[in-house]
file query_36.txt (compact mmCIF, C-alpha atoms)
# COMPACT_ATOMS: atom_id res chain seq x y z
CA MET A 28 -3.12 -31.74 -25.27
CA ARG A 29 -0.16 -30.46 -23.30
CA TYR A 30 2.54 -28.33 -24.80
CA PHE A 31 6.00 -28.06 -23.33
CA ARG A 32 7.88 -24.80 -23.38
CA PRO A 33 11.66 -24.73 -23.79
CA LEU A 34 13.83 -24.05 -20.75
CA PRO A 35 14.87 -20.41 -20.82
CA ILE A 36 18.52 -19.48 -21.18
CA ASN A 37 19.75 -16.01 -20.40
CA LYS A 38 20.56 -14.97 -23.95
CA GLU A 39 18.81 -12.27 -25.94
CA ILE A 40 17.98 -12.48 -29.63
CA PRO A 41 18.58 -9.05 -31.12
CA LEU A 42 15.79 -8.22 -33.55
CA ASN A 43 16.07 -6.49 -36.91
CA HIS A 44 14.52 -3.03 -36.67
CA LYS A 45 13.41 -3.21 -40.27
CA LYS A 46 11.41 -6.40 -39.86
CA ILE A 47 8.16 -7.33 -38.18
CA ILE A 48 7.12 -10.65 -36.71
CA VAL A 49 3.61 -11.44 -37.90
CA SER A 50 1.31 -14.17 -36.69
CA LYS A 51 -2.35 -14.94 -37.00
CA THR A 52 -4.27 -16.90 -34.39
CA ASP A 53 -7.86 -18.01 -33.98
CA LYS A 54 -9.91 -16.37 -31.27
CA TYR A 55 -8.49 -18.79 -28.70
CA GLY A 56 -4.89 -18.03 -29.57
CA LYS A 57 -4.08 -21.07 -31.66
CA ILE A 58 -1.57 -20.21 -34.36
CA LEU A 59 -3.00 -20.31 -37.89
CA TYR A 60 -0.29 -18.53 -39.79
CA ALA A 61 3.10 -16.91 -39.22
CA ASN A 62 5.51 -15.07 -41.50
CA ASP A 63 9.07 -16.05 -42.36
CA TYR A 64 10.60 -13.70 -39.82
CA PHE A 65 8.53 -15.34 -37.08
CA PHE A 66 10.12 -18.68 -37.90
CA GLU A 67 13.54 -17.13 -38.23
CA VAL A 68 13.39 -15.57 -34.78
CA THR A 69 11.57 -18.29 -32.86
CA GLY A 70 13.47 -21.11 -34.44
CA TYR A 71 10.35 -23.24 -34.91
CA GLU A 72 9.21 -25.04 -38.05
CA GLU A 73 5.67 -24.55 -39.45
CA SER A 74 4.63 -28.04 -38.40
CA GLU A 75 5.76 -27.36 -34.84
CA VAL A 76 3.57 -24.30 -34.25
CA LEU A 77 0.56 -24.36 -36.55
CA GLY A 78 -2.45 -25.38 -34.49
CA VAL A 79 -0.50 -24.77 -31.25
CA PRO A 80 -1.48 -22.05 -28.74
CA HIS A 81 0.65 -18.90 -29.06
CA SER A 82 1.33 -19.19 -25.35
CA ILE A 83 4.17 -21.62 -26.03
CA LEU A 84 6.13 -18.45 -26.72
CA ARG A 85 5.38 -17.02 -23.27
CA HIS A 86 8.51 -16.39 -21.26
CA PRO A 87 8.31 -17.46 -17.60
CA ASP A 88 9.59 -14.01 -16.58
CA MET A 89 6.34 -12.52 -17.86
CA PRO A 90 3.62 -11.92 -15.26
CA ARG A 91 0.28 -13.48 -16.16
CA ALA A 92 -1.40 -10.19 -15.38
CA VAL A 93 -0.08 -8.68 -18.61
CA PHE A 94 -1.58 -11.46 -20.74
CA TYR A 95 -4.78 -11.25 -18.77
CA LEU A 96 -5.08 -7.56 -19.67
CA MET A 97 -4.07 -8.27 -23.23
CA TRP A 98 -6.78 -10.86 -23.68
CA GLN A 99 -9.36 -8.75 -21.89
CA THR A 100 -8.65 -5.98 -24.39
CA ILE A 101 -8.52 -7.88 -27.65
CA LYS A 102 -11.62 -9.91 -26.79
CA LYS A 103 -13.46 -6.61 -26.60
CA GLY A 104 -12.15 -5.83 -30.07
CA ASP A 105 -9.61 -3.23 -28.97
CA ASN A 106 -5.98 -3.19 -29.91
CA ILE A 107 -3.41 -3.17 -27.14
CA THR A 108 0.21 -2.18 -27.23
CA ALA A 109 2.05 -4.34 -24.74
CA VAL A 110 5.73 -4.86 -24.09
CA VAL A 111 6.36 -8.57 -24.03
CA LYS A 112 9.30 -10.89 -23.47
CA ASN A 113 8.99 -13.99 -25.61
CA LEU A 114 10.72 -17.36 -25.53
CA ALA A 115 12.25 -18.90 -28.64
CA LYS A 116 12.69 -22.63 -29.28
CA SER A 117 16.35 -22.34 -28.29
CA GLY A 118 15.41 -20.96 -24.86
CA GLU A 119 16.71 -17.52 -25.84
CA TYR A 120 14.47 -14.51 -25.37
CA TYR A 121 13.42 -11.47 -27.38
CA TRP A 122 11.47 -8.35 -26.42
CA VAL A 123 8.65 -7.03 -28.62
CA THR A 124 5.83 -4.55 -28.60
CA THR A 125 2.49 -5.88 -29.79
CA ASP A 126 -0.03 -4.47 -32.19
CA PHE A 127 -3.27 -6.34 -32.87
CA GLU A 128 -5.64 -6.39 -35.79
CA ILE A 129 -9.04 -7.83 -34.92
CA ILE A 130 -10.72 -9.86 -37.66
CA ARG A 131 -14.45 -10.38 -37.53
CA ASP A 132 -16.84 -12.61 -39.41
CA LYS A 133 -20.04 -11.63 -41.24
CA ASN A 134 -21.98 -11.49 -37.98
CA GLY A 135 -19.47 -9.11 -36.44
CA ASP A 136 -18.09 -11.71 -34.05
CA ILE A 137 -14.35 -11.94 -33.53
CA GLU A 138 -12.89 -14.67 -35.67
CA SER A 139 -9.15 -14.22 -35.45
CA TYR A 140 -6.31 -11.89 -34.50
CA ILE A 141 -3.32 -10.77 -36.49
CA ALA A 142 -0.44 -9.71 -34.30
CA TYR A 143 2.41 -7.50 -35.41
CA ARG A 144 5.41 -7.69 -33.17
CA ARG A 145 8.16 -5.11 -33.47
CA PRO A 146 11.42 -4.96 -31.54
CA ALA A 147 10.85 -3.21 -28.19
CA SER A 148 13.10 -0.21 -27.61
CA LYS A 149 15.53 -0.18 -24.67
CA MET A 150 13.37 2.50 -23.11
CA ALA A 151 10.27 0.36 -23.34
CA VAL A 152 12.06 -2.65 -21.88
CA SER A 153 13.60 -0.71 -19.00
CA GLY A 154 10.22 0.87 -18.40
CA VAL A 155 8.61 -2.48 -17.70
CA GLU A 156 11.34 -4.87 -16.60
CA GLU A 157 11.30 -3.96 -12.91
CA LEU A 158 7.52 -3.72 -12.85
CA TYR A 159 7.21 -7.19 -14.38
CA GLU A 160 9.68 -8.59 -11.85
CA LYS A 161 7.53 -7.26 -9.01
CA LEU A 162 4.30 -8.47 -10.58
CA LEU A 163 5.73 -11.92 -11.03
CA LYS A 164 6.93 -12.06 -7.43
CA ILE A 165 3.52 -11.04 -6.19
CA GLU A 166 1.87 -13.58 -8.46
CA LYS A 167 4.03 -16.37 -7.12
CA LYS A 168 3.20 -15.45 -3.56
CA SER A 169 -0.39 -14.29 -3.72
CA GLY A 170 -1.75 -14.90 -7.19
CA MET A 171 -2.78 -12.87 -10.19
CA GLU A 172 -5.60 -11.04 -8.39
CA GLN A 173 -2.99 -9.32 -6.21
CA SER A 174 -0.63 -8.58 -9.08
CA LEU A 175 -3.47 -6.98 -11.03
CA LEU A 176 -4.23 -4.82 -7.98
CA TYR A 177 -0.57 -3.85 -7.75
CA LEU A 178 -0.53 -2.93 -11.42
CA GLN A 179 -3.67 -0.85 -10.96
CA GLY A 180 -2.04 0.91 -8.00
CA PHE A 181 1.12 1.48 -10.05
CA LEU A 182 -1.01 3.23 -12.67
CA ASP A 183 -3.22 5.12 -10.17
CA VAL A 184 -0.33 6.77 -8.36
CA ARG A 185 0.96 7.97 -11.72
CA HIS A 186 -2.54 9.01 -12.74
CA VAL A 187 -2.32 7.17 -16.03
CA THR A 188 -4.19 4.30 -17.62
CA TYR A 189 -2.43 1.16 -18.80
CA HIS A 190 -2.90 2.26 -22.39
CA GLU A 191 -1.40 5.68 -21.71
CA LEU A 192 1.60 4.14 -19.98
CA MET A 193 2.19 1.73 -22.82
CA ALA A 194 1.74 4.40 -25.47
CA GLU A 195 4.33 6.51 -23.64
CA LEU A 196 6.86 3.70 -23.36
CA VAL A 197 6.53 2.51 -26.89
CA LYS A 198 6.61 5.85 -28.68
CA PRO A 199 9.62 6.24 -30.95
CA ARG A 200 11.93 8.91 -29.57
CA SER A 201 14.62 11.24 -30.73
CA ILE A 202 17.56 11.97 -28.41
CA MET A 203 16.16 15.40 -27.52
CA GLU A 204 12.82 13.87 -26.60
CA LYS A 205 14.52 11.26 -24.43
CA LEU A 206 16.45 13.96 -22.59
CA PHE A 207 13.30 15.95 -22.05
CA LEU A 208 11.52 12.94 -20.62
CA VAL A 209 14.29 12.33 -18.11
CA MET A 210 14.11 15.94 -16.98
CA LYS A 211 10.34 15.77 -16.83
CA ARG A 212 10.49 12.72 -14.55
CA THR A 213 13.00 14.46 -12.29
CA PHE A 214 10.63 17.37 -11.72
CA LYS A 215 7.51 15.25 -11.56
CA TYR A 216 6.67 15.59 -7.85
CA THR A 217 6.96 19.34 -7.68
CA ASN A 218 4.39 21.54 -9.31
CA ASN A 219 5.09 22.32 -12.93
CA ILE A 220 8.40 24.06 -12.58
CA ASN A 221 8.30 25.90 -15.88
CA SER A 222 5.11 27.77 -15.10
CA ARG A 223 6.38 28.69 -11.61
CA LEU A 224 9.66 30.01 -12.97
CA HIS A 225 7.84 32.12 -15.53
CA ARG A 226 5.57 33.56 -12.87
CA ASP A 227 8.52 34.56 -10.66
CA GLU A 228 10.26 36.14 -13.65
CA LYS A 229 7.24 38.38 -14.28
CA VAL A 230 7.00 39.50 -10.64
CA SER A 231 10.64 40.50 -10.10
CA MET B 6 -5.93 -14.13 10.18
CA ARG B 7 -3.51 -12.65 12.67
CA TYR B 8 -0.57 -10.55 11.70
CA PHE B 9 2.43 -10.06 13.91
CA ARG B 10 4.15 -6.73 14.12
CA PRO B 11 7.90 -6.44 14.67
CA ILE B 12 9.19 -5.64 18.14
CA PRO B 13 10.08 -1.95 18.26
CA ILE B 14 13.64 -0.82 18.84
CA ASP B 15 14.47 2.73 19.79
CA LYS B 16 16.16 3.67 16.56
CA LYS B 17 14.93 6.30 14.12
CA ILE B 18 14.99 5.98 10.35
CA ASN B 19 15.82 9.31 8.78
CA LEU B 20 13.76 9.99 5.70
CA SER B 21 14.84 11.80 2.57
CA ASN B 22 13.11 15.15 2.20
CA LYS B 23 13.01 14.66 -1.54
CA LYS B 24 11.13 11.37 -1.52
CA ILE B 25 7.63 10.25 -0.74
CA LEU B 26 6.35 6.94 0.54
CA VAL B 27 3.35 5.98 -1.54
CA SER B 28 0.89 3.20 -0.81
CA LYS B 29 -2.51 2.26 -2.10
CA THR B 30 -4.98 0.29 -0.03
CA ASN B 31 -8.50 -0.93 -0.61
CA LYS B 32 -11.27 0.66 1.43
CA ASN B 33 -10.55 -1.68 4.31
CA GLY B 34 -6.88 -0.78 4.52
CA LYS B 35 -5.47 -3.83 2.76
CA ILE B 36 -2.33 -2.89 0.88
CA GLN B 37 -2.58 -3.19 -2.91
CA PHE B 38 0.44 -1.21 -4.04
CA VAL B 39 3.57 0.31 -2.53
CA ASN B 40 6.30 2.29 -4.21
CA ASP B 41 10.03 1.58 -4.08
CA TYR B 42 10.75 4.14 -1.35
CA PHE B 43 8.08 2.63 0.85
CA CYS B 44 9.77 -0.75 0.52
CA LYS B 45 13.16 0.76 1.18
CA VAL B 46 12.07 2.57 4.34
CA ALA B 47 9.69 0.00 5.78
CA GLY B 48 12.09 -2.80 4.93
CA TYR B 49 9.45 -5.00 3.35
CA GLU B 50 9.42 -6.45 -0.16
CA GLU B 51 6.30 -5.87 -2.25
CA ASP B 52 5.14 -9.44 -1.96
CA GLU B 53 5.55 -9.39 1.83
CA VAL B 54 3.24 -6.50 2.33
CA ILE B 55 0.69 -6.66 -0.46
CA GLY B 56 -2.53 -8.15 0.81
CA MET B 57 -1.69 -7.21 4.39
CA PRO B 58 -3.55 -4.55 6.37
CA HIS B 59 -1.61 -1.29 6.54
CA SER B 60 -1.92 -1.47 10.30
CA ILE B 61 1.09 -3.80 10.44
CA LEU B 62 3.06 -0.56 10.22
CA ARG B 63 1.42 0.92 13.31
CA HIS B 64 3.88 1.77 16.03
CA PRO B 65 2.77 0.79 19.56
CA ASP B 66 3.58 4.33 20.73
CA MET B 67 0.73 5.63 18.59
CA PRO B 68 -2.63 6.16 20.31
CA ARG B 69 -5.54 4.40 18.61
CA ALA B 70 -7.51 7.63 18.79
CA ILE B 71 -5.42 9.09 15.98
CA PHE B 72 -6.18 6.21 13.66
CA TYR B 73 -9.81 6.34 14.69
CA LEU B 74 -9.98 9.99 13.61
CA MET B 75 -8.01 9.25 10.47
CA TRP B 76 -10.43 6.53 9.40
CA GLN B 77 -13.43 8.68 10.32
CA SER B 78 -12.09 11.32 7.99
CA ILE B 79 -11.16 9.22 4.99
CA LEU B 80 -14.31 7.11 5.21
CA ALA B 81 -16.18 10.39 4.85
CA GLY B 82 -14.13 11.01 1.71
CA GLU B 83 -11.98 13.70 3.26
CA ASN B 84 -8.24 13.95 3.24
CA ILE B 85 -6.51 14.26 6.60
CA THR B 86 -3.03 15.38 7.37
CA ALA B 87 -1.90 13.41 10.38
CA VAL B 88 1.46 13.07 12.08
CA VAL B 89 2.20 9.40 12.49
CA LYS B 90 4.97 7.26 13.91
CA ASN B 91 5.37 4.08 11.90
CA LEU B 92 7.13 0.79 12.56
CA ALA B 93 9.51 -0.71 10.01
CA LYS B 94 10.22 -4.41 9.62
CA SER B 95 13.50 -3.94 11.49
CA GLY B 96 11.65 -2.53 14.50
CA GLU B 97 13.02 0.94 13.80
CA TYR B 98 10.61 3.85 13.58
CA TYR B 99 9.99 6.76 11.24
CA TRP B 100 7.74 9.81 11.53
CA VAL B 101 5.57 10.91 8.61
CA THR B 102 2.76 13.24 7.73
CA THR B 103 -0.09 11.73 5.75
CA ASP B 104 -1.90 12.94 2.68
CA PHE B 105 -4.77 10.90 1.26
CA GLU B 106 -6.23 10.66 -2.19
CA ILE B 107 -9.70 9.13 -2.14
CA ILE B 108 -10.56 6.97 -5.14
CA LYS B 109 -14.21 6.38 -5.85
CA ASN B 110 -15.94 4.05 -8.26
CA SER B 111 -18.47 5.04 -10.91
CA LYS B 112 -21.27 4.96 -8.31
CA GLY B 113 -19.39 7.46 -6.16
CA GLU B 114 -18.54 4.89 -3.48
CA ILE B 115 -15.08 4.84 -1.98
CA GLU B 116 -13.03 2.10 -3.59
CA SER B 117 -9.48 2.71 -2.43
CA TYR B 118 -7.05 5.18 -0.88
CA ILE B 119 -3.68 6.37 -2.08
CA ALA B 120 -1.55 7.64 0.80
CA TYR B 121 1.41 9.92 0.34
CA ARG B 122 3.68 9.97 3.35
CA ARG B 123 6.31 12.67 3.68
CA PRO B 124 8.91 13.04 6.44
CA ALA B 125 7.41 14.84 9.45
CA SER B 126 9.30 17.95 10.47
CA ASP B 127 10.87 18.22 13.92
CA ASP B 128 8.23 20.84 14.74
CA ALA B 129 5.41 18.48 13.80
CA ILE B 130 6.88 15.67 15.88
CA SER B 131 7.46 17.81 18.93
CA GLY B 132 3.97 19.19 18.48
CA VAL B 133 2.42 15.76 18.94
CA GLU B 134 4.84 13.56 20.86
CA GLU B 135 3.74 14.54 24.32
CA LEU B 136 0.10 14.62 23.34
CA TYR B 137 0.39 11.10 21.95
CA ARG B 138 2.11 9.90 25.12
CA LYS B 139 -0.78 11.22 27.20
CA LEU B 140 -3.40 9.78 24.88
CA LEU B 141 -1.72 6.39 24.95
CA LYS B 142 -1.54 6.42 28.75
CA ILE B 143 -5.24 7.24 28.98
CA GLU B 144 -6.06 4.53 26.45
CA LYS B 145 -4.19 1.91 28.44
CA SER B 146 -5.98 2.76 31.66
CA SER B 147 -9.41 3.89 30.47
CA GLY B 148 -9.78 3.08 26.78
CA MET B 149 -10.07 4.98 23.53
CA GLU B 150 -13.35 6.68 24.42
CA GLN B 151 -11.53 8.58 27.18
CA SER B 152 -8.53 9.44 25.04
CA LEU B 153 -10.85 10.86 22.37
CA VAL B 154 -12.53 12.97 25.06
CA TYR B 155 -9.12 14.19 26.21
CA LEU B 156 -8.11 15.02 22.66
CA GLN B 157 -11.30 16.95 22.12
CA GLY B 158 -10.60 18.94 25.27
CA PHE B 159 -7.05 19.60 24.13
CA LEU B 160 -8.37 21.01 20.86
CA ASP B 161 -11.22 22.98 22.48
CA VAL B 162 -8.75 24.78 24.71
CA LYS B 163 -6.78 25.79 21.62
CA HIS B 164 -10.00 26.72 19.81
CA MET B 165 -9.00 24.53 16.90
CA SER B 166 -10.47 21.59 15.09
CA TYR B 167 -8.36 18.45 14.71
CA HIS B 168 -7.87 19.25 11.05
CA ALA B 169 -6.79 22.81 11.77
CA PHE B 170 -4.39 21.62 14.47
CA MET B 171 -2.79 19.06 12.18
CA THR B 172 -2.61 21.34 9.17
CA ASP B 173 -0.95 23.92 11.33
CA LEU B 174 1.70 21.52 12.63
CA VAL B 175 2.55 20.14 9.25
CA LYS B 176 2.91 23.33 7.26
CA PRO B 177 6.48 23.93 6.10
CA ARG B 178 7.99 26.88 7.90
CA SER B 179 10.85 29.25 7.46
CA ILE B 180 11.98 31.26 10.48
CA MET B 181 10.26 34.41 9.19
CA GLU B 182 7.05 32.48 8.62
CA LYS B 183 7.21 30.99 12.09
CA LEU B 184 7.64 34.47 13.56
CA PHE B 185 4.80 35.77 11.49
CA LEU B 186 2.53 32.94 12.56
CA VAL B 187 3.19 33.68 16.21
CA MET B 188 2.35 37.32 15.58
CA LYS B 189 -0.73 36.34 13.62
CA LYS B 190 -2.02 34.19 16.43
CA THR B 191 -1.27 36.89 18.98
CA PHE B 192 -3.06 39.60 17.03
CA ASN B 193 -5.67 37.30 15.49
CA TYR B 194 -5.02 38.30 11.88
CA THR B 195 -7.19 36.64 9.30
CA ASN B 196 -5.28 37.27 6.10
CA ASN B 197 -3.54 34.46 4.29
CA VAL B 198 -0.01 34.08 5.63
CA TYR B 199 1.66 33.56 2.30
CA SER B 200 0.03 36.45 0.49
CA ASP B 201 0.99 38.74 3.38
CA LEU B 202 4.60 37.65 3.12
CA GLU B 203 4.48 38.22 -0.64
CA ASN B 204 3.06 41.71 -0.09
CA ASP B 205 5.77 42.47 2.43
CA ARG B 206 8.45 41.31 0.02
CA LYS B 207 7.05 43.42 -2.85
CA ALA B 208 6.65 46.49 -0.59
CA SER B 209 10.24 46.35 0.72

call {"tool": "encode", "arguments": {"input": "query_36.txt", "output": "structure tokens"}}
result
Amino acid sequence: MRYFRPLPINKEIPLNHKKIIVSKTDKYGKILYANDYFFEVTGYEESEVLGVPHSILRHPDMPRAVFYLMWQTIKKGDNITAVVKNLAKSGEYYWVTTDFEIIRDKNGDIESYIAYRRPASKMAVSGVEELYEKLLKIEKKSGMEQSLLYLQGFLDVRHVTYHELMAELVKPRSIMEKLFLVMKRTFKYTNNINSRLHRDEKVS
Amino acid sequence: MRYFRPIPIDKKINLSNKKILVSKTNKNGKIQFVNDYFCKVAGYEEDEVIGMPHSILRHPDMPRAIFYLMWQSILAGENITAVVKNLAKSGEYYWVTTDFEIIKNSKGEIESYIAYRRPASDDAISGVEELYRKLLKIEKSSGMEQSLVYLQGFLDVKHMSYHAFMTDLVKPRSIMEKLFLVMKKTFNYTNNVYSDLENDRKAS
């Protein structure tokens, strides 16, 4: 059965920081349950989404590579924090960070997933927006194999794993922490400046 | 599949001393990732260059012998600092020094390379320009085997290995350091240049 996604419009749905979008899907991603806030944000009715693959919420601006990695991870039984742009029934979009709970049956096989989606911070969104744009462009030209390679390269040159990058982006931050991070990024390509300064101080 | 390189024009792209061109290729030189500065300098978009062999950036003024030695080195898992003239999409050129990070898989086999390209100093360029011209001339008349023989002779006469020659050219130099290096070579000192300078500074 084919499902049609709404046409995206360039309007963002601001999310309530005190609420969480919750959904439960079977191991193939078909929606089994969703909470009230899910319906409030997405604009769908229960009858419209129950039994439907969660992918109807995928925004076309999202590179497939991210979902590929997401599925690869949760199918192994590991949680993954991803920054995702979703598409509501109205065509509007909203940015979330994911958090998965893996549910297994008596035999230990994966039965279903519960996903908790919280509003993504501006830092998390700006941390991925440009990367996603590039991944999508590469996907359109050369396919997902190339975009996955690009993503791997993006991580390798930063010497981080995908999980580490995501954990960094999604961490809640105070203003002082944010300032520190900006300074840290500025000094990234030189050797650790603090230890060098301290060494020079001791010598002189 | 054949790739066409741009026609070179005699115009130099000046690189920022504070930025680095970063690219990641698979073990065969196919580009998997490039950073923003790479795209800015080379004039290609990510999707134009990903999946292409890095050799599309080779400038026709570069002798093949240099790339032969470069590949020999990195295939053996060793970094090599080389001075290279590259060709941007516009046909303009830029000079860089290379720095390779070898990435191996769990079996210890080389999987990919990350290359960091920094602007080549005027000293480095003048140190190789004439040599490269000669090597290229020899290649055009007698082939790469002869240019490699010539290069070996050039190094033998200097009593240096290719690596030593390159490392020497690429080292950042202040005027005092340059003077010291000349003196070192004249008197055949073996002490580390930088620690000697430090000692001199502390003594004075």

call {"tool": "closest_residue", "arguments": {"input": "query_36.txt", "among": "B:Ser117, B:Thr86, B:Ser146, B:Asn91", "to": "Lys32 of chain B", "atoms": "all atoms listed in the file"}}
result
B:Ser117

call {"tool": "interface_residues", "arguments": {"input": "query_36.txt", "of": "chain A", "to": "chain B", "cutoff": "8 Å", "atoms": "all atoms listed in the file", "output": "NGL selection string"}}
result
:A and (161 or 164-165 or 168-169 or 173 or 176-178 or 180-181 or 184)

call {"tool": "residues_around", "arguments": {"input": "query_36.txt", "residues": "Arg63 of chain B", "least_positions_apart": "4", "cutoff": "10 Å", "atoms": "all atoms listed in the file", "output": "mmCIF file with C-alpha atoms, in the coordinates of the input"}}
result
data_model
loop_
_atom_site.group_PDB
_atom_site.id
_atom_site.type_symbol
_atom_site.label_atom_id
_atom_site.label_comp_id
_atom_site.auth_asym_id
_atom_site.auth_seq_id
_atom_site.Cartn_x
_atom_site.Cartn_y
_atom_site.Cartn_z
ATOM 1 C CA ARG B 10 4.150 -6.730 14.120
ATOM 2 C CA PRO B 11 7.900 -6.440 14.670
ATOM 3 C CA HIS B 59 -1.610 -1.290 6.540
ATOM 4 C CA MET B 67 0.730 5.630 18.590
ATOM 5 C CA PRO B 68 -2.630 6.160 20.310
ATOM 6 C CA ARG B 69 -5.540 4.400 18.610
ATOM 7 C CA PHE B 72 -6.180 6.210 13.660
ATOM 8 C CA VAL B 89 2.200 9.400 12.490
ATOM 9 C CA LYS B 90 4.970 7.260 13.910
ATOM 10 C CA ASN B 91 5.370 4.080 11.900
ATOM 11 C CA LEU B 92 7.130 0.790 12.560
ATOM 12 C CA ALA B 93 9.510 -0.710 10.010
ATOM 13 C CA TYR B 98 10.610 3.850 13.580
#

call {"tool": "closest_residue", "arguments": {"input": "query_36.txt", "among": "A:Gly104, A:Pro35, A:Pro90, A:Gly154", "to": "Ile137 of chain A", "atoms": "only C-alpha atoms"}}
result
A:Gly104

call {"tool": "closest_residue", "arguments": {"input": "query_36.txt", "among": "A:Glu119, A:Phe127, A:Tyr30, A:Ala109", "to": "Glu75 of chain A", "atoms": "all atoms listed in the file"}}
result
A:Tyr30

call {"tool": "atom_distance", "arguments": {"input": "query_36.txt", "atom1": "atom CA of Ile48 of chain A", "atom2": "atom CA of Asp63 of chain A"}}
result
8.1 Å

call {"tool": "residues_near_point", "arguments": {"input": "query_36.txt", "point": "(4.7, -1.2, -18.3)", "cutoff": "9 Å", "atoms": "only C-alpha atoms", "output": "PyMOL selection string"}}
result
chain A and resi 93+109-110+151-159+178+189+192-193+196

call {"tool": "closest_residue", "arguments": {"input": "query_36.txt", "among": "A:Trp122, A:Arg145, A:Ile47, A:Tyr60", "to": "His81 of chain A", "atoms": "only C-alpha atoms"}}
result
A:Tyr60

call {"tool": "atom_distance", "arguments": {"input": "query_36.txt", "atom1": "atom CA of Ile130 of chain B", "atom2": "atom CA of Asp15 of chain B"}}
result
15.5 Å

call {"tool": "closest_residue", "arguments": {"input": "query_36.txt", "among": "B:Lys163, B:Arg138, B:Pro13, B:Ala129", "to": "Thr103 of chain B", "atoms": "only C-alpha atoms"}}
result
B:Ala129

call {"tool": "closest_residue", "arguments": {"input": "query_36.txt", "among": "A:Glu160, A:Asp132, A:Asp88, A:Glu166", "to": "Lys54 of chain A", "atoms": "only C-alpha atoms"}}
result
A:Asp132

call {"tool": "residues_around", "arguments": {"input": "query_36.txt", "residues": "Glu191 of chain A", "least_positions_apart": "4", "cutoff": "12 Å", "atoms": "only C-alpha atoms", "output": "list in words"}}
result
Ile107, Thr108, Ala109, Leu182, Asp183, Arg185, His186, Val187, Glu195, Leu196, Val197 and Lys198 of chain A

call {"tool": "residues_around", "arguments": {"input": "query_36.txt", "residues": "Glu97 of chain B", "least_positions_apart": "4", "cutoff": "6 Å", "atoms": "all atoms listed in the file", "output": "PyMOL selection string"}}
result
chain B and resi 14+16-17+93

call {"tool": "atom_distance", "arguments": {"input": "query_36.txt", "atom1": "atom CA of Ile130 of chain A", "atom2": "atom CA of Ala142 of chain A"}}
result
10.8 Å

call {"tool": "axis_aligned_box", "arguments": {"input": "query_36.txt", "around": "segment 78-89 of chain B", "padding_each_side": "4 Å", "output": "lines of an AutoDock Vina configuration file"}}
result
center_x = -7.0
center_y = 11.2
center_z = 7.1
size_x = 26.4
size_y = 16.3
size_z = 18.8
